[in-house]
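First comes the structure, then the notes that go with it.
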Amino acid sequence: MSFDATYKEKKLKSVGTRPLRPDGVDKVTGRARYGADFNMPGQLVARVLRSPHAHARIMRIDVSRAVALKGVKAVITAADLPDLTNGNAALYAILDNCMARTKAFYDGHAVAAVAAIDAKVAREALKLIEVEYDVLPHVVDVDAAMAPDAPLLDENLFTQGIDPAPTTPSNVGNRSEFGHGDVESGFAKADVIVERSYKTEQTHQGYIEPHACVASCNVDGTAEMWVCTQGHFVYRQTCADLLGLEVSKLRVTSSEIGGGFGGKTHVWAEPLALALSRKAGRPVKLVMSREEVFRASGPTSQTSIDVKIGATKDGKITAALATLRYSSGPYADSWAETGAMTSFACYDLENVKTVGFEVIVNRPKVAAYRAPSAPMAAFAVESAIDELAHKIGMDSVELRIKNAASEGSRSSYGPIYGPIGIGPTLEAARTHPHMSAPLGKNQGRGMACGFWFNFGGQTCTDLNISADGTVTLAVGTVDVGGSRASLSLIAAEELGISYDDVKAVIADTSTLGYNDMTDGSRGTFSSSMATISAARNAIVTMRERAALMWDIPVEDVAWEEGHAKAVGASYDNRAPLSVKDIAAEAGNTGGPIAGHSELVADGAGVSFGTHICDVEVDPETGATRVIRYTVIQDAGKAVHPAYVEGQYQGGAAQGIGWALNEEYVYGADGRLQNPGFLDYRIPVCSDLPMIDTQILEIPNPNHPYGVRGVGETSIVPPLAAVANAVSDAVGVRMVHVPVSPPRILAALNAKAKG
Amino acid sequence: MRYERPGTIEDAVAMLAQASGRSFVLAGGTDLLVRMKSDDFDADLVVDIKAIPGMDEIAETADGFAIGAAVSCAELAENSALVSAWPGVVEAANLIGSTQIQSRCTMTGNLCNASPAADSVPALVAADARVRVIGPNGTRTISAQNIPVGPGKTSLEKGDIIDAILLARPQPRSGDAYLRFIPRTEMDIAVVGVAVNLTLGADGSVQTARVALGAVAPSVILSEEAARTLIGTKLEAAALGALEAACSAASIPIDDKRGTVAFRKQVAGVLARRAARIAYERAGGK
């Protein structure tokens with residue numbers, strides 16, 4: 001059945017309210033089952049041996065002593081994971097990252113794994129595995145890796161996207177370019193030009209729950225896995241590909257998730273757990289330690305970005321240029337390309353050009369992190385915009401409003417925008433009381449805008465109506481931020497029933513069709529579309545059942561406010577039938593009532609936000625406190641406003657951490673110095689003010705209720721908003737994130753020296 | 001691993017003295033239990049001293065205070081006599097970790113863990129605290145300053161247990177203070193820590209001063225040069241400037257994940273100046 005996703009304004013009863021989340025009681029009482037909470041009879045404990053070297057050729061691995069240890073049931077190396085990737089470079093990178101094949105590319109790269117009867121034996125076994133390394137020169141810094149004399153990670157890597165193709169290998173995997181117009185002629189027309197280089201350090205998503213799974217391979221070729229993931233269908237596909245399993249014979253069940261933020265869209269140790277289980281013939285539980293999570297999963301790119309923006313005296317931008325270098329870990333990827341696409345997306349520009357370089361370094365393989373690649377580009381661009389406003393002597397909000405993209409603008413990455421929210425968020429910022437609140441001594445204010453694409457994708461949903469008229473909703477997009485609550489609201493709205501009569505669950509991969517993973521802020525957007533479609537299909541069935549119950553033509557049965565109503569002069573004296581009434585008779589009218597939906601949710605609708613930040617900086621120590629913070633973002637339609645606000649606040653909190661203190665610190669030996677929450681400093685509660693939010697609702701024309709994704713955009717502006725505020729407070733332009741106390745103090749000392 | 005929970009200090013000492021392999025004393029456990037989870041750590045014997053009578057008590061005597069080795073830092077803050085006598089020591093102990101950590105961790109543990117960044121140690125050293133050590137050869141009293149000798153290393157010998165930290169009754173017109181720098185508000189380790197303990201003369205000028213620096217050397221520094229800058233002064237700007245310079249000069253830190261050499265040296269001076277002001281006011285100076 002075709003589904004019309006077009007936005008139609010209508011009065012809403014459930015959508016837009018703030019009921020308690022259905023998973024709340026389990027979570028606050030400790031009953032919720034996370035990745036490490038699954039157990040199987042006879043399960044083994046897995047541990048992974050990891051490289052202590054940043055870059056080393058693996059000359060020999062001898063596992064014989066570990067295999068001989070009492071209680072060890074399986075030991076695997078890369079030899080147990082034959083290369084089935086068939087020329088698929090992205091899949092090969094995942095395989096090699098899961099278990100180093102010829103070289104260890106970073107401190108923490110897996111080289112072997114064991115499964116034993118308990119943790120103690122597994123730990124002993126790791127110590128008995130002998131690995132002979134030929135330690136190679138390493139490079140961890142993105143700029144150093146691009147230097148002509150940098151140690152090469154891959155002698156066969158020739159930069160793509162350059163014509164003519166280079167004849168010598170380098171650490172640059174790819175060059176990408178976006179834009180339109182002619183920037184040189186644009187700069188010629190400028191009265192004022194700002195040109196500066198910026199750097200951002202590598203951060204981790206910092207999810208509190210480490211990666212965890214239980215894998216069980218059977219002798220008949222079937223397998224099961226319970227795992228903490230943002231996308232169990234994607235994990236199923238990737239693991240099946242890597243291990244040579246038939247996709248439908250691997251059943252993956254997702255657990256509750258203790259944070260992912262993109263880091264759980266990629267597989268890490270899950271294929272190893274499956275390989276160990278296959279070899280041992282028993283279920284295998286693998287839980288990464290916090291140290292392993294930091295050393296071998298997650299992080300973002302470290303970046304180095306040059307920005308040049310020119311404008312006329314009255315604040316019209318004439319040209320904008322950015323060169324973005326993003327580290328991607330040891331395997332070339334497309335992080336710089338994404339950064340290059342998002343850089344100037346907030347603005348309507350005649351002449352714009354962005355160039356991205358993917359740089360491989362001896363650090364962990366980069367993973368998605370909430371609007372991946374956009375925060376760093378926004379930091380550089382929004383810092384330059386801020387500086388430009390100062391140089392012209394124009395209010396920075398006015399400058400942005402003057403150049404903001406709007407419906408019909410051609411974006412810097414290509415497409416023409418539909419109705420978008422950048423202008424309205426800026427207008428809201430201009431009139432927000434925060435913007436005019438007085439500042440005290442040593443305090444500064446900064447603001448910044450951010451953009452994210454958003455995504456829809458493949459979605460499959462089942463809606464089952466039980467005999468008592470309550471509803472079970474089975475969805476396949478993992479709930480990472482409260483989507484079970486929003487989808488229950490949507491189902492209640494469509495069917496005209498109470499929120500409390502809907503129970504949403506995340507189905508496993510064998511009980512529902514394929515769903516893309518929860519990324520691109522697609523969870524509520526795409527699954528709500530499928531839920532609406534499924535509910536409408538169920539209503540069709542319920543009208544048919546009501547027609548049977550009344551013995552009248554189905555054309556004479558309408559659906560209004562949760563009831564079947566007989567229409568027309570001949571029948572309209574009949575009392576309407578509720579969902580409960582129809583469900584009670586289902587056994588006599590054709591059996592169970594269900595609505596099903598499979599669709600590709602197109603038209604996710606781009607998202608924009610504007611943030612305002614006040615800080616106070618101790619000029620003698622560089623200590624920085626965020627004293628006020630406001631997030632203004634377009635939600636299209638906030639289905640559950642409390643969780644929309646939570647997404648705004650969460651992204652801002654993570655961005656503040658990134659801006660102020662979070663960074664991977666490497667020693668001269670290329671080893672990670674701070675793989676733990678003690679010295680990888682995410683903000684604690686007392687570090688943050690209450691983060692104020694303002695939800696704008698500019699309906700997405702491609703969703704029945706106007707919903708847009710809201711999860712990611714909120715992490716895009718904070719790096720720039722905080723850095724602009726600190727720059728304002730100390731009177732020095734801060735160009736290196738995190739703007740940690742040592743960096744602030746060094747900048748102040750340099751200023752004092754002139 | 002063997003776990004023991006002896007009922008007397010003599011039994012505890014004997015267990016440690018006779019142990020072969022790696023043995024540890026357990027009180028609050030906020031350092032030890034975390035280390036025990038690491039792959040690189042093995043313990044053969046853990047002796048829990050919490051069941052030994054007196055270990056969890058703060059005894060007030062004519063001479064001052066004897067703080068049992070198992071007294072949690074949070075309990076220090078609940079002892080009003082101790083708080084009014086040694087506010088700097090108590091505030092230092094209650095900067096460690098978080099509220100939950102403070103309800104378990106102990107100052108004796110903080111001292112014996114021998115981290116260069118231990119918060120309570122500079123405050124104890126500035127307060128000229130002593131520790132009572134019970135070992136196989138009897139009991140002795142030594143300066144707290146002499147316990148840590150380098151990162152993770154103490155001067156204690158096999159079988160030695162510190163059963164109490166001893167703080168003298170403070171002199172009239174005296175005050176102490178501790179400040180540390182962390183980039184966050186809590187749950188962090190000192191990047192620099194400074195404790196100052198001052199005694200004033202009748203005219204309000206500084207008569208004696210003790211200035212202790214943490215996290216800027218392999219172990220705590222008691223800087224006599226820094227102390228001298230304050231003697232005879234009323235903390236005038238020149239004196240505070242000299243103190244700041246002396247503390248920066250006395251600091252011999254390293255670059256690491258928590259901070260840089262330049263940052264630590266500079267901030268050591270800043271915090272010393274601020275801590276001196278607080279101590280001076282607590283001593284009744286105006």
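Here's how to read the names in the structure tokens: chain A, B, ... by the order shown, residue numbers from 1 in each chain, ligand numbers from 1 in the order shown.
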
Test item: residues at most 7 Å from B:Val131, only C-alpha atoms, excluding those fewer than 5 positions along its chain, as a PyMOL selection string:
chain B and resi 141-144+162+164-166

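The part of chain B that reaches within 8 Å of chain A is made up of Asp39, Pro183, Arg184, Thr185, Glu186, Met187, Asp188, Ile189, Lys257, Arg258, Gly259, Thr260, Phe263, Val267 and Val270 of chain B, counting only C-alpha atoms.
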
Tell me which protein, DNA and RNA residues are within 8 Å of A:Ala319, counting only C-alpha atoms, leaving out same-chain ones fewer than 5 positions away, and put them as a list in words.
Asp182, Val183, Glu184, Gly186, Phe187, Ala190, Ile309, Gly310, Ala311, Leu349, Glu350, Asn351 and Val352 of chain A

List every residue of stretch 606-656 of chain A that DSSP, applied to the backbone of this structure, places in strand (DSSP E), and write the result as a PyMOL selection string.
chain A and resi 607-617+624-634

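Every protein, DNA or RNA residue with an atom at most 8 Å from B:Gly135, where only C-alpha atoms count and chain neighbours fewer than 5 positions away do not, is listed here: Val13, Lys158, Gly159, Asp160 and Ile161 of chain B.
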
Give me every helix (DSSP H, G or I) residue in stretch 372-439 of chain A, going by DSSP on the backbone, as a PyMOL selection string.
chain A and resi 374-392+396-403+422-431+433-436

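Within the 10 Å cut-off around B:Ala239, using only C-alpha atoms and omitting residues fewer than 3 positions from it on the same chain, the listed residues are Ala226, Arg228, Thr229, Leu230, Ile231, Gly232, Thr233, Lys234, Leu235, Glu236, Ala242, Leu243, Glu244, Ala245 and Arg273 of chain B.
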
Can you write just those residues out, C-alpha atoms, as a PDB file, in the first residue's frame?
```
ATOM      1  CA  ALA B 226      58.822  30.079  49.893  1.00  0.00           C
ATOM      2  CA  ARG B 228      60.940  32.739  54.162  1.00  0.00           C
ATOM      3  CA  THR B 229      59.262  35.194  51.782  1.00  0.00           C
ATOM      4  CA  LEU B 230      56.373  35.510  54.237  1.00  0.00           C
ATOM      5  CA  ILE B 231      58.203  35.721  57.589  1.00  0.00           C
ATOM      6  CA  GLY B 232      57.875  39.150  59.154  1.00  0.00           C
ATOM      7  CA  THR B 233      55.367  40.310  56.547  1.00  0.00           C
ATOM      8  CA  LYS B 234      51.668  41.023  56.679  1.00  0.00           C
ATOM      9  CA  LEU B 235      51.278  39.525  53.213  1.00  0.00           C
ATOM     10  CA  GLU B 236      51.809  42.800  51.462  1.00  0.00           C
ATOM     11  CA  ALA B 242      57.998  36.937  46.289  1.00  0.00           C
ATOM     12  CA  LEU B 243      56.024  33.914  47.521  1.00  0.00           C
ATOM     13  CA  GLU B 244      54.598  33.385  44.056  1.00  0.00           C
ATOM     14  CA  ALA B 245      58.024  33.554  42.440  1.00  0.00           C
ATOM     15  CA  ARG B 273      49.457  33.462  46.897  1.00  0.00           C
TER      16      ARG B 273
END
```

Write out as a PyMOL selection string which residues come within 12 Å of A:His390 when counting only C-alpha atoms, dropping same-chain ones fewer than 4 positions away.
chain A and resi 192-194+313+315+383-386+394-399+446+724+727-728+731+733

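One finds atom CA of A:Ala100 at 14.8 Å from atom CA of A:Thr85.
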
If you count only C-alpha atoms, which residues fall within 9 Å of B:Tyr3, apart from same-chain ones fewer than 6 positions away, as number ranges by chain?
B: 44-48

Suppose you want the space between atom CA of A:Gly179 and atom CA of A:Trp658; what is it in Å?
28.2 Å

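The coordinates place atom CA of A:Leu49 at 25.0 Å from atom CA of B:Arg22.
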